[in-house]
>>> print(open('coords_21.pdb').read())   # PDB, C-alpha atoms
ATOM      1  CA  GLU A   1     -19.379 108.560 117.316
ATOM      2  CA  ILE A   2     -23.114 108.521 118.004
ATOM      3  CA  GLU A   3     -25.038 105.538 116.733
ATOM      4  CA  GLU A   4     -28.726 105.420 115.992
ATOM      5  CA  TYR A   5     -30.840 103.721 118.668
ATOM      6  CA  VAL A   6     -32.311 100.456 117.407
ATOM      7  CA  PRO A   7     -35.210  99.109 119.493
ATOM      8  CA  ALA A   8     -35.578  95.404 120.246
ATOM      9  CA  ALA A   9     -36.962  93.467 117.303
ATOM     10  CA  PHE A  10     -39.474  91.614 119.472
ATOM     11  CA  GLU A  11     -40.470  90.966 123.068
ATOM     12  CA  LEU A  12     -38.997  87.974 124.939
ATOM     13  CA  LYS A  13     -40.355  86.582 128.208
ATOM     14  CA  ALA A  14     -39.169  83.659 130.343
ATOM     15  CA  LYS A  15     -41.222  82.281 133.238
ATOM     16  CA  THR A  16     -40.593  79.330 135.543
ATOM     17  CA  ASP A  17     -43.357  76.972 136.656
ATOM     18  CA  LYS A  18     -42.277  77.602 140.293
ATOM     19  CA  GLU A  19     -40.307  80.318 142.062
ATOM     20  CA  GLU A  20     -38.242  77.876 144.128
ATOM     21  CA  TYR A  21     -37.121  74.263 143.729
ATOM     22  CA  ILE A  22     -35.477  71.496 145.720
ATOM     23  CA  ALA A  23     -32.568  69.369 144.534
ATOM     24  CA  GLY A  24     -34.054  66.445 142.626
ATOM     25  CA  ASP A  25     -36.878  68.500 141.080
ATOM     26  CA  THR A  26     -37.171  69.249 137.371
ATOM     27  CA  PHE A  27     -37.553  72.899 136.461
ATOM     28  CA  LYS A  28     -39.522  74.137 133.482
ATOM     29  CA  VAL A  29     -39.110  77.545 131.890
ATOM     30  CA  ASN A  30     -41.675  78.732 129.357
ATOM     31  CA  VAL A  31     -40.203  81.068 126.761
ATOM     32  CA  ASP A  32     -42.445  83.284 124.622
ATOM     33  CA  ALA A  33     -41.271  85.524 121.788
ATOM     34  CA  ASN A  34     -43.727  87.933 120.162
ATOM     35  CA  TYR A  35     -43.427  90.909 117.865
ATOM     36  CA  TYR A  36     -44.702  94.157 119.284
ATOM     37  CA  PHE A  37     -47.504  94.270 116.705
ATOM     38  CA  GLY A  38     -48.880  91.029 118.198
ATOM     39  CA  ALA A  39     -47.662  88.248 115.919
ATOM     40  CA  PRO A  40     -45.527  85.424 117.356
ATOM     41  CA  VAL A  41     -41.915  84.909 116.306
ATOM     42  CA  ASP A  42     -42.353  81.940 113.980
ATOM     43  CA  GLY A  43     -39.425  79.629 113.185
ATOM     44  CA  GLY A  44     -36.821  81.040 115.537
ATOM     45  CA  THR A  45     -34.396  79.371 117.932
ATOM     46  CA  VAL A  46     -33.653  79.773 121.630
ATOM     47  CA  GLU A  47     -30.156  79.382 123.030
ATOM     48  CA  TYR A  48     -29.727  79.206 126.793
ATOM     49  CA  THR A  49     -26.980  78.999 129.377
ATOM     50  CA  LEU A  50     -27.440  77.862 132.972
ATOM     51  CA  VAL A  51     -25.098  79.019 135.753
ATOM     52  CA  ALA A  52     -25.243  78.750 139.537
ATOM     53  CA  GLN A  53     -24.034  80.692 142.545
ATOM     54  CA  ASN A  54     -24.280  80.086 146.279
ATOM     55  CA  TYR A  55     -27.507  80.883 148.106
ATOM     56  CA  TYR A  56     -27.419  81.812 151.793
ATOM     57  CA  PHE A  57     -30.622  80.932 153.606
ATOM     58  CA  ASP A  58     -32.139  83.910 155.455
ATOM     59  CA  LYS A  59     -35.816  83.084 155.915
ATOM     60  CA  TYR A  60     -35.591  82.336 159.641
ATOM     61  CA  GLN A  61     -35.465  85.688 161.451
ATOM     62  CA  ASP A  62     -36.333  85.029 165.114
ATOM     63  CA  GLU A  63     -32.753  84.318 166.191
ATOM     64  CA  TYR A  64     -29.394  84.129 164.439
ATOM     65  CA  PHE A  65     -28.271  80.669 163.392
ATOM     66  CA  GLN A  66     -25.583  79.564 160.969
ATOM     67  CA  PHE A  67     -27.437  77.734 158.195
ATOM     68  CA  GLY A  68     -25.108  75.937 155.806
ATOM     69  CA  LYS A  69     -21.356  76.167 155.780
ATOM     70  CA  SER A  70     -19.542  78.676 157.930
ATOM     71  CA  TRP A  71     -17.939  81.558 156.042
ATOM     72  CA  HIS A  72     -14.678  80.515 157.718
ATOM     73  CA  ASP A  73     -14.614  77.534 155.348
ATOM     74  CA  CYS A  74     -14.507  79.790 152.294
ATOM     75  CA  PHE A  75     -11.103  80.378 150.757
ATOM     76  CA  ASN A  76     -10.059  82.683 147.921
ATOM     77  CA  ASP A  77     -12.995  83.093 145.459
ATOM     78  CA  CYS A  78     -15.506  80.579 146.804
ATOM     79  CA  TYR A  79     -17.772  83.174 148.390
ATOM     80  CA  TYR A  80     -20.133  83.449 145.418
ATOM     81  CA  GLY A  81     -19.480  79.958 144.105
ATOM     82  CA  ASP A  82     -20.171  80.969 140.476
ATOM     83  CA  LYS A  83     -20.228  77.919 138.219
ATOM     84  CA  PHE A  84     -21.194  77.198 134.622
ATOM     85  CA  LEU A  85     -23.602  74.249 134.417
ATOM     86  CA  LEU A  86     -24.740  73.780 130.820
ATOM     87  CA  ARG A  87     -25.525  75.337 127.443
ATOM     88  CA  ASN A  88     -28.140  74.162 124.955
ATOM     89  CA  LYS A  89     -30.759  75.313 122.431
ATOM     90  CA  VAL A  90     -34.351  74.582 121.453
ATOM     91  CA  ASP A  91     -36.624  75.688 118.612
ATOM     92  CA  LEU A  92     -39.500  78.113 118.858
ATOM     93  CA  ASP A  93     -42.788  76.695 117.608
ATOM     94  CA  ARG A  94     -45.154  78.554 115.257
ATOM     95  CA  GLN A  95     -46.706  80.334 118.237
ATOM     96  CA  GLY A  96     -43.315  81.697 119.297
ATOM     97  CA  HIS A  97     -43.173  79.370 122.284
ATOM     98  CA  ALA A  98     -40.454  77.070 123.623
ATOM     99  CA  ALA A  99     -40.157  75.053 126.821
ATOM    100  CA  ILE A 100     -36.857  74.482 128.604
ATOM    101  CA  THR A 101     -36.888  71.573 131.059
ATOM    102  CA  GLN A 102     -33.982  70.288 133.100
ATOM    103  CA  ALA A 103     -33.586  67.809 135.946
ATOM    104  CA  ILE A 104     -31.818  69.419 138.907
ATOM    105  CA  ASP A 105     -29.225  66.735 139.536
ATOM    106  CA  PHE A 106     -26.834  68.078 142.183
ATOM    107  CA  ALA A 107     -24.565  65.023 141.939
ATOM    108  CA  LYS A 108     -24.086  65.736 138.218
ATOM    109  CA  PHE A 109     -23.803  69.513 138.446
ATOM    110  CA  PHE A 110     -21.622  69.523 141.574
ATOM    111  CA  PRO A 111     -19.368  66.418 141.648
ATOM    112  CA  LYS A 112     -17.716  67.467 144.916
ATOM    113  CA  PRO A 113     -20.066  66.840 147.887
ATOM    114  CA  GLU A 114     -18.893  70.019 149.626
ATOM    115  CA  GLU A 115     -20.257  72.046 146.675
ATOM    116  CA  ARG A 116     -23.828  70.743 147.065
ATOM    117  CA  SER A 117     -25.209  73.630 149.092
ATOM    118  CA  SER A 118     -28.308  75.630 148.174
ATOM    119  CA  LYS A 119     -27.938  77.640 144.987
ATOM    120  CA  ILE A 120     -29.354  80.444 142.908
ATOM    121  CA  PHE A 121     -29.699  79.237 139.325
ATOM    122  CA  VAL A 122     -29.555  81.893 136.616
ATOM    123  CA  LEU A 123     -30.812  81.032 133.134
ATOM    124  CA  TYR A 124     -29.600  83.311 130.328
ATOM    125  CA  VAL A 125     -31.900  83.085 127.303
ATOM    126  CA  THR A 126     -31.354  84.429 123.774
ATOM    127  CA  ALA A 127     -34.025  84.064 121.073
ATOM    128  CA  ARG A 128     -33.214  84.604 117.401
ATOM    129  CA  ASN A 129     -35.738  84.993 114.588
ATOM    130  CA  SER A 130     -35.366  83.797 110.997
ATOM    131  CA  ALA A 131     -33.924  87.177 110.006
ATOM    132  CA  GLY A 132     -31.069  86.767 112.490
ATOM    133  CA  GLN A 133     -32.335  89.401 114.927
ATOM    134  CA  SER A 134     -31.848  88.427 118.570
ATOM    135  CA  VAL A 135     -33.213  89.461 121.966
ATOM    136  CA  SER A 136     -31.976  88.263 125.359
ATOM    137  CA  THR A 137     -33.422  87.947 128.832
ATOM    138  CA  GLN A 138     -32.659  86.060 132.023
ATOM    139  CA  LYS A 139     -34.514  84.273 134.819
ATOM    140  CA  SER A 140     -33.179  83.371 138.261
ATOM    141  CA  PHE A 141     -34.608  81.052 140.904
ATOM    142  CA  ILE A 142     -33.612  79.405 144.188
ATOM    143  CA  VAL A 143     -32.734  75.719 144.422
ATOM    144  CA  HIS A 144     -32.663  74.401 147.992
ATOM    145  CA  ALA A 145     -30.169  71.625 148.737
ATOM    146  CA  GLY A 146     -32.863  69.702 150.623
ATOM    147  CA  GLU A 147     -36.343  69.829 152.096
ATOM    148  CA  TYR A 148     -35.134  71.518 155.284
ATOM    149  CA  TYR A 149     -32.260  73.448 156.846
ATOM    150  CA  LEU A 150     -30.180  72.847 159.954
ATOM    151  CA  GLY A 151     -28.916  75.856 161.881
ATOM    152  CA  LEU A 152     -26.158  76.061 164.507
ATOM    153  CA  ARG A 153     -25.169  78.663 167.052
ATOM    154  CA  SER A 154     -23.241  79.057 170.276
ATOM    155  CA  ASP A 155     -23.238  81.896 172.784
ATOM    156  CA  ASN A 156     -19.424  81.901 172.624
ATOM    157  CA  SER A 157     -17.216  81.402 169.574
ATOM    158  CA  PHE A 158     -14.073  81.833 171.683
ATOM    159  CA  VAL A 159     -13.606  79.732 174.833
ATOM    160  CA  GLY A 160     -10.736  78.557 176.978
ATOM    161  CA  LYS A 161      -9.453  74.998 177.079
ATOM    162  CA  ASP A 162     -11.712  72.722 179.205
ATOM    163  CA  GLN A 163     -14.516  75.317 179.151
ATOM    164  CA  PRO A 164     -17.882  73.968 177.895
ATOM    165  CA  VAL A 165     -19.211  74.902 174.472
ATOM    166  CA  LYS A 166     -23.012  75.024 174.521
ATOM    167  CA  MET A 167     -24.496  74.450 171.079
ATOM    168  CA  LYS A 168     -28.029  75.188 169.916
ATOM    169  CA  ILE A 169     -29.495  73.388 166.906
ATOM    170  CA  LYS A 170     -32.438  74.650 164.851
ATOM    171  CA  SER A 171     -34.340  72.801 162.126
ATOM    172  CA  VAL A 172     -36.677  74.663 159.767
ATOM    173  CA  ASP A 173     -38.316  74.006 156.400
ATOM    174  CA  THR A 174     -37.453  75.956 153.249
ATOM    175  CA  THR A 175     -39.846  78.768 154.230
ATOM    176  CA  GLY A 176     -38.226  79.213 157.649
ATOM    177  CA  LYS A 177     -40.981  77.450 159.622
ATOM    178  CA  PRO A 178     -39.686  75.349 162.577
ATOM    179  CA  LEU A 179     -39.731  71.625 161.913
ATOM    180  CA  GLY A 180     -39.171  68.679 164.269
ATOM    181  CA  LEU A 181     -36.640  66.099 163.045
ATOM    182  CA  ASP A 182     -34.922  62.932 164.178
ATOM    183  CA  ASN A 183     -31.633  61.293 163.145
ATOM    184  CA  VAL A 184     -29.640  64.525 163.110
ATOM    185  CA  THR A 185     -25.925  63.843 163.541
ATOM    186  CA  LEU A 186     -23.784  66.353 165.417
ATOM    187  CA  THR A 187     -20.007  65.980 165.142
ATOM    188  CA  TYR A 188     -17.297  67.927 166.996
ATOM    189  CA  SER A 189     -13.871  67.891 165.320
ATOM    190  CA  ARG A 190     -10.577  69.611 165.937
ATOM    191  CA  VAL A 191      -9.188  71.236 162.803
ATOM    192  CA  ARG A 192      -5.567  71.008 161.777
ATOM    193  CA  TYR A 193      -3.762  72.088 158.625
ATOM    194  CA  GLU A 194      -1.125  69.967 156.937
ATOM    195  CA  TYR A 195       1.431  71.490 154.576
ATOM    196  CA  ASN A 196       2.610  69.459 151.603
ATOM    197  CA  LYS A 197       5.368  69.971 149.065
ATOM    198  CA  ARG A 198       4.309  68.884 145.573
ATOM    199  CA  ARG A 199       5.970  69.005 142.182
ATOM    200  CA  GLU A 200       3.748  70.449 139.442
ATOM    201  CA  VAL A 201       3.786  69.978 135.654
ATOM    202  CA  ASP A 202       6.137  72.933 135.181
ATOM    203  CA  GLY A 203       8.789  71.092 137.193
ATOM    204  CA  GLY A 204       8.635  73.481 140.107
ATOM    205  CA  TYR A 205       7.863  72.566 143.704
ATOM    206  CA  TYR A 206       4.952  74.221 145.439
ATOM    207  CA  TYR A 207       3.637  74.148 148.975
ATOM    208  CA  THR A 208      -0.043  73.472 149.508
ATOM    209  CA  TRP A 209      -2.154  72.987 152.623
ATOM    210  CA  GLU A 210      -4.830  70.464 153.424
ATOM    211  CA  ARG A 211      -7.543  70.824 156.041
ATOM    212  CA  LYS A 212      -7.894  67.780 158.305
ATOM    213  CA  LEU A 213     -10.561  66.970 160.906
ATOM    214  CA  ASP A 214      -9.876  64.941 164.038
ATOM    215  CA  GLU A 215     -13.220  63.762 165.403
ATOM    216  CA  LYS A 216     -13.648  64.317 169.153
ATOM    217  CA  LYS A 217     -17.361  63.643 169.729
ATOM    218  CA  LYS A 218     -20.297  62.418 167.654
ATOM    219  CA  ILE A 219     -23.931  62.055 168.691
ATOM    220  CA  THR A 220     -27.344  61.539 167.095
ATOM    221  CA  LEU A 221     -30.162  63.757 168.318
ATOM    222  CA  GLU A 222     -33.649  64.940 167.460
ATOM    223  CA  THR A 223     -35.189  68.399 167.442
ATOM    224  CA  ASP A 224     -38.532  69.076 169.129
ATOM    225  CA  ARG A 225     -41.666  70.324 167.391
ATOM    226  CA  ASP A 226     -40.273  73.868 167.566
ATOM    227  CA  GLY A 227     -37.133  72.689 165.787
ATOM    228  CA  ASN A 228     -34.900  73.047 168.859
ATOM    229  CA  ALA A 229     -32.165  70.895 170.371
ATOM    230  CA  GLU A 230     -29.128  71.571 172.559
ATOM    231  CA  ASP A 231     -25.836  69.876 173.320
ATOM    232  CA  GLU A 232     -22.633  70.595 175.225
ATOM    233  CA  PHE A 233     -19.014  69.797 174.467
ATOM    234  CA  VAL A 234     -15.818  70.368 176.471
ATOM    235  CA  PRO A 235     -12.849  70.799 174.082
ATOM    236  CA  PRO A 236      -9.822  68.890 175.387
ATOM    237  CA  GLU A 237      -7.244  70.901 173.417
ATOM    238  CA  LYS A 238      -6.696  74.422 172.201
ATOM    239  CA  GLY A 239      -7.158  75.242 168.529
ATOM    240  CA  GLU A 240      -9.932  75.521 165.953
ATOM    241  CA  TYR A 241     -13.012  73.280 166.169
ATOM    242  CA  GLU A 242     -15.697  72.535 163.608
ATOM    243  CA  ILE A 243     -19.155  71.585 164.820
ATOM    244  CA  ALA A 244     -21.075  69.942 161.959
ATOM    245  CA  ALA A 245     -24.764  69.015 161.777
ATOM    246  CA  ARG A 246     -25.886  66.494 159.185
ATOM    247  CA  GLY A 247     -29.263  65.122 158.135
ATOM    248  CA  ALA A 248     -30.985  63.617 155.086
ATOM    249  CA  ASP A 249     -34.438  64.316 153.659
ATOM    250  CA  LYS A 250     -36.898  61.824 152.148
ATOM    251  CA  ARG A 251     -35.347  62.308 148.690
ATOM    252  CA  GLY A 252     -31.912  61.325 149.949
ATOM    253  CA  ASN A 253     -30.544  64.875 149.801
ATOM    254  CA  VAL A 254     -27.884  65.474 152.458
ATOM    255  CA  ILE A 255     -28.295  68.624 154.569
ATOM    256  CA  LEU A 256     -25.140  70.054 156.126
ATOM    257  CA  SER A 257     -24.306  72.971 158.389
ATOM    258  CA  SER A 258     -21.121  73.860 160.213
ATOM    259  CA  TYR A 259     -20.054  76.243 162.937
ATOM    260  CA  THR A 260     -16.547  77.270 164.022
ATOM    261  CA  VAL A 261     -15.359  77.681 167.622
ATOM    262  CA  TYR A 262     -11.867  78.760 168.670
ATOM    263  CA  VAL A 263     -10.326  77.437 171.867
ATOM    264  CA  TYR A 264      -7.467  79.401 173.417
ATOM    265  CA  GLY A 265      -4.713  78.282 175.757
ATOM    266  CA  GLU A 266      -0.960  78.188 176.181
ATOM    267  CA  GLY A 267       1.276  76.849 173.426
ATOM    268  CA  VAL A 268       1.106  76.635 169.642
ATOM    269  CA  ALA A 269      -2.037  75.773 167.654
ATOM    270  CA  SER A 270      -2.573  75.050 163.942
ATOM    271  CA  ILE A 271      -4.354  77.912 162.164
ATOM    272  CA  LYS A 272      -5.767  78.466 158.687
ATOM    273  CA  PRO A 273      -3.138  79.806 156.265
ATOM    274  CA  THR A 274      -3.834  83.192 154.651
TER     275      THR A 274
END
>>> encode(input="coords_21.pdb", output="structure tokens")
Amino acid sequence: EIEEYVPAAFELKAKTDKEEYIAGDTFKVNVDANYYFGAPVDGGTVEYTLVAQNYYFDKYQDEYFQFGKSWHDCFNDCYYGDKFLLRNKVDLDRQGHAAITQAIDFAKFFPKPEERSSKIFVLYVTARNSAGQSVSTQKSFIVHAGEYYLGLRSDNSFVGKDQPVKMKIKSVDTTGKPLGLDNVTLTYSRVRYEYNKRREVDGGYYYTWERKLDEKKKITLETDRDGNAEDEFVPPEKGEYEIAARGADKRGNVILSSYTVYVYGEGVASIKPT
């Protein structure tokens, strides 16, 4: 069956006051609804839904660094990190305009600290006039987890037991420009996986695993004016190691990055279940 094409009843636009934000900011989206003959949509409503997905920083191009969490830490469907945040509605004024404002509170939106990485927010907007006709649009924007990023890299991700791991640290601002910092914490931990048997609500017993970190070395360092620092670590045991960099900006936002190194040797080592 072929249905008659029905054009949109009016034009709907959504524009943010900035293209990018930092956790702790308040975003504002101006919504304008106008009929194609020029008159505003008077007396309508705007419904909106805000969702988030993970953003992977790629604005520093001179050399590869791991900014944010290592992809090794992602399990099952966490790669995109899609999450519903809120749904609400506002009224259009007589000029067909509405303003959507929202504080970007990462602690509220992402209760688990490990979820508070940089995000892409997507705002889905639907305007409806007094006759019940509706038009939808969407607007996306980047929300950085903090005022800067910490990057990690090593020349070797696989080394033998008692062989040195040479780490490079890079600090840059949200545009990718190198930035000197102090009070950056670098922690080296051996990773192990514990299996647990737990009884669920259906009465059945299920096996789950839990990732544990055994700290082996922790230092505080600073990066130079080009955003560079280096450190070296000799792993005492075979297995998987997480190297984590941590800092905090002036707003109190915590900046985290991690890098994975595998150390080989004789014997049995704990590995990530698949």
>>> closest_atom_pairs(input="coords_21.pdb", of="segment 111-195 of chain A", to="segment 218-236 of chain A", cutoff="8 Å", atoms="all atoms listed in the file", output="tab-separated table")
residue	atom	partner	partner_atom	distance
A:Lys161	CA	A:Pro235	CA	6.2
A:Asp162	CA	A:Val234	CA	5.5
A:Gln163	CA	A:Val234	CA	5.8
A:Pro164	CA	A:Val234	CA	4.4
A:Val165	CA	A:Phe233	CA	5.1
A:Lys166	CA	A:Glu232	CA	4.5
A:Met167	CA	A:Asp231	CA	5.3
A:Lys168	CA	A:Glu230	CA	4.6
A:Ile169	CA	A:Ala229	CA	5.0
A:Lys170	CA	A:Asn228	CA	5.0
A:Ser171	CA	A:Gly227	CA	4.6
A:Val172	CA	A:Gly227	CA	6.4
A:Pro178	CA	A:Gly227	CA	4.9
A:Leu179	CA	A:Gly227	CA	4.8
A:Gly180	CA	A:Arg225	CA	4.3
A:Leu181	CA	A:Thr223	CA	5.2
A:Asp182	CA	A:Glu222	CA	4.1
A:Asn183	CA	A:Thr220	CA	5.8
A:Val184	CA	A:Leu221	CA	5.3
A:Thr185	CA	A:Thr220	CA	4.5
A:Leu186	CA	A:Ile219	CA	5.4
A:Thr187	CA	A:Lys218	CA	4.4
A:Tyr188	CA	A:Lys218	CA	6.3
>>> resolve_selection(input="coords_21.pdb", expression="the PyMOL selection byres ((chain A and resi 139) around 6)", output="PDB file with C-alpha atoms, in the coordinates of the input")
ATOM      1  CA  VAL A 122     -29.555  81.893 136.616  1.00  0.00           C
ATOM      2  CA  LEU A 123     -30.812  81.032 133.134  1.00  0.00           C
ATOM      3  CA  GLN A 138     -32.659  86.060 132.023  1.00  0.00           C
ATOM      4  CA  SER A 140     -33.179  83.371 138.261  1.00  0.00           C
TER       5      SER A 140
END
>>> closest_residue(input="coords_21.pdb", among="A:Asp62, A:Thr260, A:Arg190, A:Val41", to="Asn129 of chain A", atoms="all atoms listed in the file")
A:Val41
>>> closest_atom_pairs(input="coords_21.pdb", of="segment 123-238 of chain A", to="segment 53-58 of chain A", cutoff="9 Å", atoms="all atoms listed in the file", output="Markdown table")
| residue | atom | partner | partner_atom | distance |
| --- | --- | --- | --- | --- |
| A:Ile142 | CA | A:Tyr55 | CA | 7.4 |
| A:Val143 | CA | A:Tyr55 | CA | 8.2 |
| A:His144 | CA | A:Tyr55 | CA | 8.3 |
| A:Tyr149 | CA | A:Phe57 | CA | 8.3 |
| A:Thr174 | CA | A:Phe57 | CA | 8.5 |
| A:Gly176 | CA | A:Asp58 | CA | 8.0 |
>>> closest_residue(input="coords_21.pdb", among="A:Ala245, A:Ala103, A:Val263, A:Leu85", to="Gly151 of chain A", atoms="all atoms listed in the file")
A:Ala245
>>> atom_distance(input="coords_21.pdb", atom1="atom CA of Gly68 of chain A", atom2="atom CA of Ser157 of chain A")
16.8 Å
>>> residues_around(input="coords_21.pdb", residues="Glu266 of chain A", least_positions_apart="3", cutoff="12 Å", atoms="all atoms listed in the file", output="number ranges by chain")
A: 160-161, 237-239, 263, 269
>>> residues_around(input="coords_21.pdb", residues="Tyr48 of chain A", least_positions_apart="5", cutoff="9 Å", atoms="only C-alpha atoms", output="PyMOL selection string")
chain A and resi 86-90+100+123-127
>>> write_last_selection(input="coords_21.pdb", atoms="C-alpha atoms", output="PDB file, in the coordinates of the input")
ATOM      1  CA  LEU A  86     -24.740  73.780 130.820  1.00  0.00           C
ATOM      2  CA  ARG A  87     -25.525  75.337 127.443  1.00  0.00           C
ATOM      3  CA  ASN A  88     -28.140  74.162 124.955  1.00  0.00           C
ATOM      4  CA  LYS A  89     -30.759  75.313 122.431  1.00  0.00           C
ATOM      5  CA  VAL A  90     -34.351  74.582 121.453  1.00  0.00           C
ATOM      6  CA  ILE A 100     -36.857  74.482 128.604  1.00  0.00           C
ATOM      7  CA  LEU A 123     -30.812  81.032 133.134  1.00  0.00           C
ATOM      8  CA  TYR A 124     -29.600  83.311 130.328  1.00  0.00           C
ATOM      9  CA  VAL A 125     -31.900  83.085 127.303  1.00  0.00           C
ATOM     10  CA  THR A 126     -31.354  84.429 123.774  1.00  0.00           C
ATOM     11  CA  ALA A 127     -34.025  84.064 121.073  1.00  0.00           C
TER      12      ALA A 127
END
>>> resolve_selection(input="coords_21.pdb", expression="the PyMOL selection byres ((chain A and resi 43-46) around 12)", output="number ranges by chain")
A: 10, 12-14, 29-34, 40-42, 47-49, 87-100, 123-137
>>> closest_residue(input="coords_21.pdb", among="A:Lys28, A:Lys83, A:Lys69, A:Arg211", to="Ile243 of chain A", atoms="all atoms listed in the file")
A:Lys69
>>> atom_distance(input="coords_21.pdb", atom1="atom CA of Val254 of chain A", atom2="atom CA of Phe141 of chain A")
20.5 Å
>>> closest_atom_pairs(input="coords_21.pdb", of="segment 208-233 of chain A", to="segment 193-198 of chain A", cutoff="8 Å", atoms="only C-alpha atoms", output="CSV")
residue,atom,partner,partner_atom,distance
A:Thr208,CA,A:Asn196,CA,5.2
A:Trp209,CA,A:Tyr195,CA,4.3
A:Glu210,CA,A:Glu194,CA,5.1
A:Arg211,CA,A:Tyr193,CA,4.8
A:Lys212,CA,A:Tyr193,CA,6.0
>>> closest_residue(input="coords_21.pdb", among="A:Val159, A:Ile104, A:Ile2, A:Leu50", to="Asn253 of chain A", atoms="all atoms listed in the file")
A:Ile104
>>> closest_residue(input="coords_21.pdb", among="A:Phe109, A:Asp25, A:Lys217, A:Gly38", to="Phe84 of chain A", atoms="all atoms listed in the file")
A:Phe109
>>> resolve_selection(input="coords_21.pdb", expression="the PyMOL selection byres ((chain A and resi 145) around 9)", output="PyMOL selection string")
chain A and resi 21-24+106+116-119+143-144+146-149+253-255
>>> atom_distance(input="coords_21.pdb", atom1="atom CA of Phe110 of chain A", atom2="atom CA of Ala52 of chain A")
10.1 Å
>>> axis_aligned_box(input="coords_21.pdb", around="segment 132-138 of chain A", padding_each_side="3 Å", output="AutoDock Vina command-line options")
--center_x -32.2 --center_y 87.8 --center_z 122.3 --size_x 8.4 --size_y 9.4 --size_z 25.5
>>> closest_residue(input="coords_21.pdb", among="A:Leu152, A:Gly267, A:Asp173, A:Thr101", to="Thr26 of chain A", atoms="only C-alpha atoms")
A:Thr101
>>> build_atoms(input="coords_21.pdb", residues="segment 228-232 of chain A", atoms="all heavy atoms", output="PDB file, in the frame of the given file")
ATOM      1  N   ASN A 228     -36.001  72.728 167.956  1.00  0.00           N
ATOM      2  CA  ASN A 228     -34.900  73.047 168.859  1.00  0.00           C
ATOM      3  C   ASN A 228     -34.234  71.810 169.448  1.00  0.00           C
ATOM      4  O   ASN A 228     -34.889  70.798 169.719  1.00  0.00           O
ATOM      5  CB  ASN A 228     -35.392  73.918 170.015  1.00  0.00           C
ATOM      6  CG  ASN A 228     -35.900  75.269 169.558  1.00  0.00           C
ATOM      7  OD1 ASN A 228     -35.292  75.884 168.673  1.00  0.00           O
ATOM      8  ND2 ASN A 228     -36.984  75.725 170.126  1.00  0.00           N
ATOM      9  N   ALA A 229     -32.934  71.892 169.639  1.00  0.00           N
ATOM     10  CA  ALA A 229     -32.165  70.895 170.371  1.00  0.00           C
ATOM     11  C   ALA A 229     -30.924  71.588 170.911  1.00  0.00           C
ATOM     12  O   ALA A 229     -30.496  72.630 170.394  1.00  0.00           O
ATOM     13  CB  ALA A 229     -31.794  69.713 169.487  1.00  0.00           C
ATOM     14  N   GLU A 230     -30.336  71.014 171.957  1.00  0.00           N
ATOM     15  CA  GLU A 230     -29.128  71.571 172.559  1.00  0.00           C
ATOM     16  C   GLU A 230     -28.144  70.458 172.884  1.00  0.00           C
ATOM     17  O   GLU A 230     -28.538  69.304 173.090  1.00  0.00           O
ATOM     18  CB  GLU A 230     -29.459  72.368 173.828  1.00  0.00           C
ATOM     19  CG  GLU A 230     -30.292  73.616 173.589  1.00  0.00           C
ATOM     20  CD  GLU A 230     -30.483  74.430 174.862  1.00  0.00           C
ATOM     21  OE1 GLU A 230     -29.980  73.993 175.923  1.00  0.00           O
ATOM     22  OE2 GLU A 230     -31.127  75.492 174.788  1.00  0.00           O
ATOM     23  N   ASP A 231     -26.862  70.824 172.925  1.00  0.00           N
ATOM     24  CA  ASP A 231     -25.836  69.876 173.320  1.00  0.00           C
ATOM     25  C   ASP A 231     -24.655  70.664 173.878  1.00  0.00           C
ATOM     26  O   ASP A 231     -24.536  71.883 173.650  1.00  0.00           O
ATOM     27  CB  ASP A 231     -25.386  69.007 172.133  1.00  0.00           C
ATOM     28  CG  ASP A 231     -24.482  67.879 172.566  1.00  0.00           C
ATOM     29  OD1 ASP A 231     -24.934  67.063 173.398  1.00  0.00           O
ATOM     30  OD2 ASP A 231     -23.333  67.822 172.098  1.00  0.00           O
ATOM     31  N   GLU A 232     -23.791  69.961 174.601  1.00  0.00           N
ATOM     32  CA  GLU A 232     -22.633  70.595 175.225  1.00  0.00           C
ATOM     33  C   GLU A 232     -21.390  69.763 174.973  1.00  0.00           C
ATOM     34  O   GLU A 232     -21.431  68.528 174.980  1.00  0.00           O
ATOM     35  CB  GLU A 232     -22.867  70.744 176.724  1.00  0.00           C
ATOM     36  CG  GLU A 232     -21.795  71.543 177.446  1.00  0.00           C
ATOM     37  CD  GLU A 232     -22.139  71.806 178.904  1.00  0.00           C
ATOM     38  OE1 GLU A 232     -23.114  72.543 179.155  1.00  0.00           O
ATOM     39  OE2 GLU A 232     -21.433  71.255 179.770  1.00  0.00           O
TER      40      GLU A 232
END
